[in-house]
>>> print(open('entry28.txt').read())   # compact mmCIF, C-alpha atoms and all ligand atoms
# COMPACT_ATOMS: atom_id res chain seq x y z
CA MET R 5 25.05 -14.06 1.39
CA PRO R 6 23.28 -14.65 4.75
CA ASP R 7 20.62 -17.38 4.91
CA ILE R 8 17.31 -15.59 4.37
CA ASP R 9 15.34 -18.11 6.48
CA LEU R 10 17.60 -17.43 9.47
CA VAL R 11 17.49 -13.66 8.95
CA VAL R 12 13.66 -13.70 8.82
CA ARG R 13 13.53 -15.90 11.93
CA ASP R 14 15.93 -13.68 13.89
CA ILE R 15 14.23 -10.41 12.95
CA THR R 16 10.81 -11.87 13.80
CA GLN R 17 12.04 -12.91 17.25
CA GLU R 18 13.64 -9.52 17.86
CA MET R 19 10.50 -7.64 16.85
CA GLN R 20 8.22 -9.88 18.89
CA GLN R 21 10.25 -9.06 22.00
CA ARG R 22 10.30 -5.28 21.59
CA THR R 23 8.06 -3.20 23.78
CA ASP R 24 8.15 0.01 21.69
CA ARG R 25 5.33 -0.87 19.34
CA GLY R 26 3.92 2.53 18.25
CA GLN R 27 0.21 3.39 18.39
CA VAL R 28 -2.53 1.43 16.65
CA ALA R 29 -4.67 3.70 14.41
CA THR R 30 -7.99 4.54 16.03
CA TYR R 31 -9.37 7.19 13.65
CA ILE R 32 -11.00 4.28 11.84
CA PRO R 33 -12.62 2.81 14.98
CA GLU R 34 -12.58 -0.79 13.75
CA LEU R 35 -8.78 -0.71 13.30
CA GLY R 36 -8.37 0.18 16.98
CA ARG R 37 -9.47 -3.35 17.93
CA VAL R 38 -6.38 -5.03 16.44
CA ASP R 39 -3.84 -6.69 18.79
CA PRO R 40 -0.74 -4.43 18.91
CA ASN R 41 1.47 -7.45 19.63
CA ALA R 42 0.88 -9.06 16.25
CA PHE R 43 3.93 -9.29 13.98
CA GLY R 44 4.36 -10.99 10.62
CA LEU R 45 7.11 -11.02 7.99
CA VAL R 46 7.26 -12.77 4.59
CA VAL R 47 10.02 -12.60 1.98
CA ILE R 48 9.62 -14.18 -1.47
CA GLY R 49 12.78 -14.66 -3.52
CA ALA R 50 13.36 -14.68 -7.27
CA ASP R 51 12.74 -18.43 -7.45
CA GLY R 52 9.42 -18.06 -5.61
CA LYS R 53 10.92 -19.38 -2.37
CA VAL R 54 8.98 -18.16 0.69
CA SER R 55 10.58 -17.29 4.04
CA ALA R 56 7.96 -16.53 6.69
CA GLY R 57 7.97 -15.50 10.36
CA GLY R 58 5.38 -14.74 13.04
CA ASP R 59 1.75 -14.05 12.12
CA SER R 60 2.46 -14.43 8.43
CA ASP R 61 -0.94 -15.93 7.58
CA THR R 62 -3.16 -13.62 9.63
CA PRO R 63 -5.25 -11.30 7.42
CA PHE R 64 -5.14 -7.60 8.36
CA SER R 65 -6.54 -4.43 6.82
CA ILE R 66 -4.23 -3.52 3.93
CA GLN R 67 -5.53 0.09 3.82
CA SER R 68 -3.20 2.25 1.72
CA ILE R 69 -1.18 -0.68 0.43
CA SER R 70 -4.19 -1.17 -1.85
CA LYS R 71 -3.20 2.10 -3.58
CA VAL R 72 -0.27 0.37 -5.32
CA PHE R 73 -2.65 -2.11 -6.90
CA THR R 74 -5.34 0.41 -7.84
CA LEU R 75 -2.59 2.51 -9.45
CA THR R 76 -1.51 -0.55 -11.44
CA LEU R 77 -5.11 -1.16 -12.55
CA ALA R 78 -5.74 2.50 -13.46
CA LEU R 79 -2.53 2.67 -15.53
CA GLY R 80 -3.64 -0.49 -17.29
CA LYS R 81 -6.99 1.11 -18.01
CA ILE R 82 -6.11 4.65 -19.14
CA GLY R 83 -2.30 4.63 -19.36
CA ASP R 84 -0.40 7.89 -19.09
CA ARG R 85 -3.61 9.93 -19.28
CA LEU R 86 -3.81 9.22 -15.55
CA TRP R 87 -1.07 11.80 -14.99
CA GLN R 88 -3.39 14.57 -16.14
CA ARG R 89 -5.37 13.92 -12.96
CA VAL R 90 -2.67 13.16 -10.42
CA GLY R 91 0.99 14.15 -10.07
CA ARG R 92 4.17 12.20 -9.39
CA GLU R 93 5.93 14.30 -6.75
CA PRO R 94 6.39 13.56 -3.07
CA SER R 95 4.02 15.64 -0.97
CA GLY R 96 5.99 16.16 2.24
CA SER R 97 2.54 16.30 3.84
CA PRO R 98 0.48 13.93 5.97
CA PHE R 99 -1.55 11.25 4.19
CA ASN R 100 -4.85 13.09 4.55
CA SER R 101 -3.62 16.66 4.04
CA ILE R 102 -5.90 19.13 2.29
CA VAL R 103 -3.65 22.23 2.13
CA GLN R 104 -1.70 21.41 -1.06
CA LEU R 105 -4.88 20.76 -3.00
CA GLU R 106 -5.91 24.40 -2.94
CA ASN R 107 -2.58 25.72 -4.22
CA GLU R 108 -2.45 23.08 -6.92
CA ARG R 109 -6.03 23.58 -8.09
CA GLY R 110 -7.35 20.25 -6.92
CA LYS R 111 -4.71 18.04 -8.58
CA PRO R 112 -3.20 15.74 -5.94
CA ARG R 113 0.59 15.54 -5.70
CA ASN R 114 0.84 11.76 -6.14
CA PRO R 115 -1.29 8.58 -6.30
CA PHE R 116 -0.42 7.45 -2.75
CA ILE R 117 -1.68 10.33 -0.62
CA ASN R 118 -5.39 9.95 0.06
CA ALA R 119 -6.50 12.63 -2.41
CA GLY R 120 -4.41 11.06 -5.18
CA ALA R 121 -5.66 7.56 -4.44
CA ILE R 122 -9.27 8.79 -4.50
CA ALA R 123 -8.61 10.32 -7.95
CA VAL R 124 -7.10 6.99 -9.11
CA THR R 125 -10.15 5.10 -7.80
CA ASP R 126 -12.36 7.53 -9.70
CA ALA R 127 -10.50 6.67 -12.92
CA ILE R 128 -11.09 2.94 -12.34
CA LEU R 129 -14.76 3.57 -11.60
CA SER R 130 -15.56 5.61 -14.74
CA GLY R 131 -17.77 3.62 -17.10
CA HIS R 132 -18.71 1.11 -14.39
CA GLN R 133 -21.03 0.70 -11.46
CA PRO R 134 -19.27 0.85 -8.05
CA ARG R 135 -19.96 -2.84 -7.50
CA GLU R 136 -18.28 -3.75 -10.81
CA ALA R 137 -15.23 -1.58 -10.10
CA LEU R 138 -14.83 -3.08 -6.66
CA GLY R 139 -15.24 -6.58 -8.03
CA GLU R 140 -12.48 -5.84 -10.54
CA ILE R 141 -10.13 -4.65 -7.79
CA VAL R 142 -10.79 -7.65 -5.54
CA ARG R 143 -10.41 -10.10 -8.44
CA PHE R 144 -7.11 -8.42 -9.35
CA MET R 145 -5.84 -8.97 -5.81
CA GLN R 146 -7.01 -12.61 -5.89
CA PHE R 147 -5.29 -13.12 -9.24
CA LEU R 148 -2.02 -11.52 -8.10
CA ALA R 149 -1.94 -13.49 -4.86
CA GLN R 150 -3.34 -16.62 -6.53
CA ASP R 151 -5.84 -16.87 -3.70
CA PRO R 152 -9.61 -16.65 -4.28
CA SER R 153 -10.29 -16.39 -0.54
CA ILE R 154 -9.17 -12.72 -0.39
CA LYS R 155 -12.08 -10.45 0.49
CA ILE R 156 -13.15 -7.11 1.90
CA ASP R 157 -13.63 -6.71 5.66
CA GLU R 158 -17.08 -5.12 5.57
CA ASP R 159 -16.87 -3.99 9.22
CA VAL R 160 -13.73 -1.96 8.48
CA ALA R 161 -15.29 -0.49 5.32
CA ALA R 162 -18.45 0.52 7.20
CA SER R 163 -16.37 1.94 10.05
CA GLU R 164 -14.43 4.20 7.68
CA GLN R 165 -17.55 5.12 5.73
CA ARG R 166 -19.08 6.40 8.99
CA THR R 167 -16.04 8.37 10.11
CA GLY R 168 -14.10 9.30 6.95
CA PHE R 169 -14.98 12.99 7.06
CA ARG R 170 -11.54 14.11 5.87
CA ASN R 171 -11.64 11.89 2.82
CA ILE R 172 -15.19 13.02 2.10
CA ALA R 173 -13.92 16.62 2.24
CA LEU R 174 -10.96 15.82 -0.04
CA ALA R 175 -13.19 14.17 -2.62
CA ASN R 176 -15.72 17.00 -2.63
CA TYR R 177 -12.93 19.55 -2.92
CA MET R 178 -11.47 17.77 -5.96
CA LYS R 179 -14.96 17.49 -7.42
CA SER R 180 -15.28 21.28 -7.22
CA PHE R 181 -12.28 21.50 -9.59
CA GLY R 182 -13.83 18.95 -11.95
CA LEU R 183 -11.23 16.33 -11.09
CA ILE R 184 -13.69 13.67 -9.93
CA GLU R 185 -15.85 12.31 -12.77
CA ASN R 186 -18.27 10.16 -10.82
CA PRO R 187 -20.69 10.94 -7.98
CA VAL R 188 -18.48 11.56 -4.94
CA ASP R 189 -20.36 8.95 -2.88
CA PHE R 190 -19.69 6.29 -5.50
CA THR R 191 -15.97 7.05 -5.74
CA LEU R 192 -15.57 7.14 -1.97
CA GLY R 193 -17.56 3.94 -1.54
CA VAL R 194 -15.12 2.10 -3.82
CA TYR R 195 -12.12 3.78 -2.13
CA PHE R 196 -13.21 2.87 1.42
CA HIS R 197 -13.92 -0.69 0.38
CA HIS R 198 -10.62 -1.31 -1.43
CA CYS R 199 -8.75 0.08 1.60
CA ALA R 200 -10.69 -2.48 3.70
CA ILE R 201 -9.43 -5.52 1.78
CA ALA R 202 -7.95 -7.97 4.29
CA MET R 203 -4.78 -9.88 3.39
CA SER R 204 -1.95 -11.66 5.15
CA CYS R 205 1.76 -10.93 4.71
CA ARG R 206 2.05 -14.09 2.62
CA GLN R 207 -0.73 -12.98 0.28
CA LEU R 208 0.67 -9.44 0.01
CA ALA R 209 4.25 -10.53 -0.68
CA THR R 210 2.94 -12.86 -3.39
CA ALA R 211 0.72 -10.14 -4.90
CA ALA R 212 3.60 -7.64 -5.00
CA GLY R 213 5.99 -10.11 -6.63
CA PHE R 214 5.52 -8.65 -10.11
CA LEU R 215 7.12 -5.39 -8.93
CA ALA R 216 10.33 -7.17 -7.91
CA TYR R 217 10.78 -9.15 -11.09
CA LEU R 218 10.27 -6.90 -14.11
CA GLY R 219 6.50 -7.16 -14.10
CA ARG R 220 6.35 -10.96 -13.89
CA ASN R 221 5.17 -12.76 -10.75
CA PRO R 222 7.80 -15.41 -9.81
CA SER R 223 5.28 -17.43 -7.80
CA THR R 224 2.93 -17.87 -10.74
CA GLY R 225 5.13 -17.14 -13.76
CA LEU R 226 2.40 -14.78 -15.01
CA SER R 227 3.23 -11.43 -16.56
CA VAL R 228 1.25 -8.58 -14.95
CA VAL R 229 2.76 -5.39 -16.44
CA GLN R 230 5.61 -4.41 -18.75
CA PRO R 231 9.03 -4.08 -17.04
CA GLU R 232 8.97 -0.32 -17.60
CA ARG R 233 5.70 0.06 -15.69
CA ALA R 234 6.97 -2.02 -12.76
CA ARG R 235 10.06 0.19 -12.63
CA ARG R 236 7.97 3.35 -12.55
CA ILE R 237 5.60 2.10 -9.87
CA ASN R 238 8.67 1.25 -7.78
CA ALA R 239 9.99 4.78 -8.31
CA LEU R 240 6.72 6.21 -7.01
CA MET R 241 6.78 3.90 -4.00
CA LEU R 242 10.31 5.01 -3.17
CA THR R 243 9.53 8.72 -3.36
CA CYS R 244 5.91 8.78 -2.14
CA GLY R 245 5.12 5.44 -0.44
CA HIS R 246 5.36 6.63 3.15
CA TYR R 247 3.76 10.09 3.02
CA ASP R 248 5.88 12.62 4.89
CA GLY R 249 8.01 9.71 6.16
CA SER R 250 9.13 8.75 2.62
CA GLY R 251 12.55 10.39 2.90
CA GLU R 252 13.26 8.73 6.23
CA PHE R 253 12.17 5.33 4.86
CA ALA R 254 14.49 5.69 1.83
CA TYR R 255 17.30 6.81 4.13
CA ARG R 256 16.91 3.91 6.57
CA VAL R 257 15.58 1.03 4.43
CA GLY R 258 16.63 2.01 0.91
CA LEU R 259 13.83 0.10 -0.84
CA PRO R 260 10.63 1.12 -2.64
CA GLY R 261 7.77 0.48 -0.22
CA LYS R 262 4.17 1.28 0.56
CA SER R 263 2.62 1.44 4.00
CA GLY R 264 -0.95 1.32 5.26
CA VAL R 265 -2.49 2.48 8.53
CA GLY R 266 -3.42 -1.14 9.27
CA GLY R 267 0.30 -1.54 10.07
CA GLY R 268 1.33 -3.35 6.90
CA ILE R 269 4.19 -2.42 4.57
CA ILE R 270 5.17 -3.98 1.25
CA ALA R 271 8.74 -3.44 0.08
CA ILE R 272 10.53 -4.39 -3.11
CA ALA R 273 14.19 -5.37 -3.50
CA PRO R 274 14.32 -5.26 -7.32
CA GLY R 275 15.43 -8.58 -8.77
CA LYS R 276 15.88 -10.03 -5.29
CA ALA R 277 12.73 -10.12 -3.19
CA SER R 278 9.21 -8.99 -2.56
CA ILE R 279 8.53 -8.42 1.13
CA ALA R 280 5.50 -7.87 3.36
CA VAL R 281 5.65 -6.99 7.04
CA TRP R 282 2.91 -6.30 9.57
CA SER R 283 2.98 -4.70 13.00
CA PRO R 284 -0.16 -2.67 13.81
CA GLY R 285 1.43 0.10 15.92
CA LEU R 286 2.22 3.25 13.90
CA ASP R 287 4.76 6.06 14.16
CA ALA R 288 3.89 9.76 14.04
CA ALA R 289 3.70 9.77 10.21
CA GLY R 290 1.18 6.89 10.21
CA ASN R 291 3.62 4.18 9.12
CA SER R 292 4.19 0.88 10.96
CA HIS R 293 6.82 1.54 13.63
CA LEU R 294 8.24 -1.98 13.98
CA GLY R 295 7.49 -2.76 10.34
CA ARG R 296 9.93 -0.06 9.29
CA ILE R 297 12.54 -1.19 11.80
CA ALA R 298 12.19 -4.81 10.64
CA LEU R 299 12.66 -3.76 7.02
CA GLU R 300 15.69 -1.67 7.93
CA GLU R 301 17.25 -4.71 9.60
CA LEU R 302 16.34 -7.01 6.70
CA SER R 303 17.73 -4.66 4.07
CA LYS R 304 20.91 -4.12 6.08
CA ARG R 305 21.57 -7.79 6.85
CA MET R 306 20.87 -8.92 3.27
CA GLY R 307 22.64 -5.96 1.63
CA TRP R 308 19.50 -5.16 -0.35
CA SER R 309 19.37 -1.33 -0.25
CA ILE R 310 19.15 -0.04 -3.82
CA PHE R 311 21.69 2.60 -2.81
CA GLY R 312 24.44 0.08 -1.99
CA VAL R 313 25.54 -1.70 1.17
N1 LIG R 401 -8.29 4.29 4.33
C1 LIG R 401 -7.28 5.09 4.96
C2 LIG R 401 -7.65 6.55 4.88
O1 LIG R 401 -8.10 6.96 3.85
C3 LIG R 401 -5.97 4.84 4.31
C4 LIG R 401 -4.82 5.60 4.93
C5 LIG R 401 -3.56 4.79 5.03
O2 LIG R 401 -3.56 3.57 5.07
O3 LIG R 401 -2.50 5.41 5.12
O4 LIG R 401 -7.55 7.28 5.80
>>> encode(input="entry28.txt", output="structure tokens")
Amino acid sequence: MPDIDLVVRDITQEMQQRTDRGQVATYIPELGRVDPNAFGLVVIGADGKVSAGGDSDTPFSIQSISKVFTLTLALGKIGDRLWQRVGREPSGSPFNSIVQLENERGKPRNPFINAGAIAVTDAILSGHQPREALGEIVRFMQFLAQDPSIKIDEDVAASEQRTGFRNIALANYMKSFGLIENPVDFTLGVYFHHCAIAMSCRQLATAAGFLAYLGRNPSTGLSVVQPERARRINALMLTCGHYDGSGEFAYRVGLPGKSGVGGGIIAIAPGKASIAVWSPGLDAAGNSHLGRIALEELSKRMGWSIFGV
């Protein structure tokens, strides 16, 4: 088995030198200010051992990576009833697509496209004030990462709130089918803010640890979900975690993963590692360009693909 510290060091150096870095997202204006040359990679093994490279402690906007954690919270809150409101199939569509919603009478394909994540946020919000729901989400992230310093980047949240016309349309459209229980503004306010949580690769890899180790976080020893739930969240990440790039990610990397337009990706090698990578430039499907390449190299060199070496 190759030495993971050396593999992380080598991949970090290779990625830092590459000039093909993709395009930083600008549709949320505040994200366009991020340095495209940033690169971070953190791998946490079964024993809690951390291997880190590059800008591994720099917080960035986790964006859609937050959807994994809101899904975990919503399943904890209402269990399998969640699947009455959102499906479990890959969409084959861009992250903010509206076309499928009409054919499927407002029920989003899966919890990781924007429409699905907004429906999941709505489920967390029901019975609470937006401030309480958001506090619950942020505290969950702090608990998972064992780091009370994690917080929302208010500038990013405000930037998306000003410009998130597509998401506003998606939420209103779902509301017209009765699939959003709360006032649309409240649900979207919580959604925009949880997407704007800022975390480093180290914090994200720690927070995702429970998905790699049967629901129990190896860094803290704390049980977060039952093994069956961790397995199912991983299945959804594999099939739906990269929007219309999910098939390509499974083909190249072979690990469950979830990307965000801030350029982060978390990936899970079940029983072996939880991984977070960050490179702000995106590919055409809105997934981190070098992040995906780094994960492909990592999975290949370590023999971690769930489909075999
Ligand atoms: N907040 C972003 C949006 O709704 C999340 C998209 C993403 O990270 O893929 O557009």
>>> residues_near_ligand(input="entry28.txt", ligand="ligand LIG 401 (chain R)", cutoff="9 Å", atoms="all atoms listed in the file", output="MDAnalysis selection string")
chainID R and resid 31:32 65:71 99:100 116:119 121:122 161 164 168 170:171 195:200 246:247 263:268 290:291
>>> closest_residue(input="entry28.txt", among="R:Met203, R:Leu259, R:Ile279, R:Met241", to="Ser153 of chain R", atoms="only C-alpha atoms")
R:Met203
>>> closest_residue(input="entry28.txt", among="R:Ala288, R:Ala42, R:Ala216, R:Ala273", to="Arg22 of chain R", atoms="only C-alpha atoms")
R:Ala42
>>> closest_residue(input="entry28.txt", among="R:Gln230, R:Ser180, R:Thr62, R:Gln133", to="Ala202 of chain R", atoms="all atoms listed in the file")
R:Thr62
>>> atom_distance(input="entry28.txt", atom1="atom CA of Asp159 of chain R", atom2="atom CA of Thr74 of chain R")
21.1 Å
>>> closest_residue(input="entry28.txt", among="R:Asp84, R:Asp24, R:Asp189, R:Glu93", to="Leu240 of chain R", atoms="all atoms listed in the file")
R:Glu93
>>> closest_residue(input="entry28.txt", among="R:Asn221, R:Ser283, R:Gln27, R:Ser303", to="Gly258 of chain R", atoms="only C-alpha atoms")
R:Ser303
>>> axis_aligned_box(input="entry28.txt", around="segment 269-278 of chain R", padding_each_side="6 Å", output="AutoDock Vina command-line options")
--center_x 10.0 --center_y -6.3 --center_z -2.1 --size_x 23.7 --size_y 19.7 --size_z 25.3
>>> atom_distance(input="entry28.txt", atom1="atom CA of Gln104 of chain R", atom2="atom CA of Pro284 of chain R")
28.3 Å
>>> residues_around(input="entry28.txt", residues="Val281 of chain R", least_positions_apart="6", cutoff="12 Å", atoms="all atoms listed in the file", output="ChimeraX atom specification")
/R:12,15-16,19,42-48,55-64,66,69,203-209,261-264,266-272,291-300,302
>>> atom_distance(input="entry28.txt", atom1="atom CA of Phe311 of chain R", atom2="atom CA of Ser95 of chain R")
22.0 Å
>>> closest_residue(input="entry28.txt", among="R:Ile201, R:Cys244, R:Val11, R:Leu286", to="Glu158 of chain R", atoms="only C-alpha atoms")
R:Ile201
>>> residues_around(input="entry28.txt", residues="Gly49 of chain R", least_positions_apart="4", cutoff="7 Å", atoms="only C-alpha atoms", output="short mmCIF file (atom, residue, chain, number, x, y, z; two decimals) with C-alpha atoms, in the coordinates of the input")
data_model
loop_
_atom_site.label_atom_id
_atom_site.label_comp_id
_atom_site.auth_asym_id
_atom_site.auth_seq_id
_atom_site.Cartn_x
_atom_site.Cartn_y
_atom_site.Cartn_z
CA LYS R 53 10.92 -19.38 -2.37
CA VAL R 54 8.98 -18.16 0.69
CA LYS R 276 15.88 -10.03 -5.29
CA ALA R 277 12.73 -10.12 -3.19
CA SER R 278 9.21 -8.99 -2.56
#
>>> residues_around(input="entry28.txt", residues="Ala211 of chain R", least_positions_apart="5", cutoff="9 Å", atoms="all atoms listed in the file", output="list in words")
Phe73, Met145, Gln146, Phe147, Leu148, Ala149, Gln150, Arg206, Asn221 and Ser278 of chain R
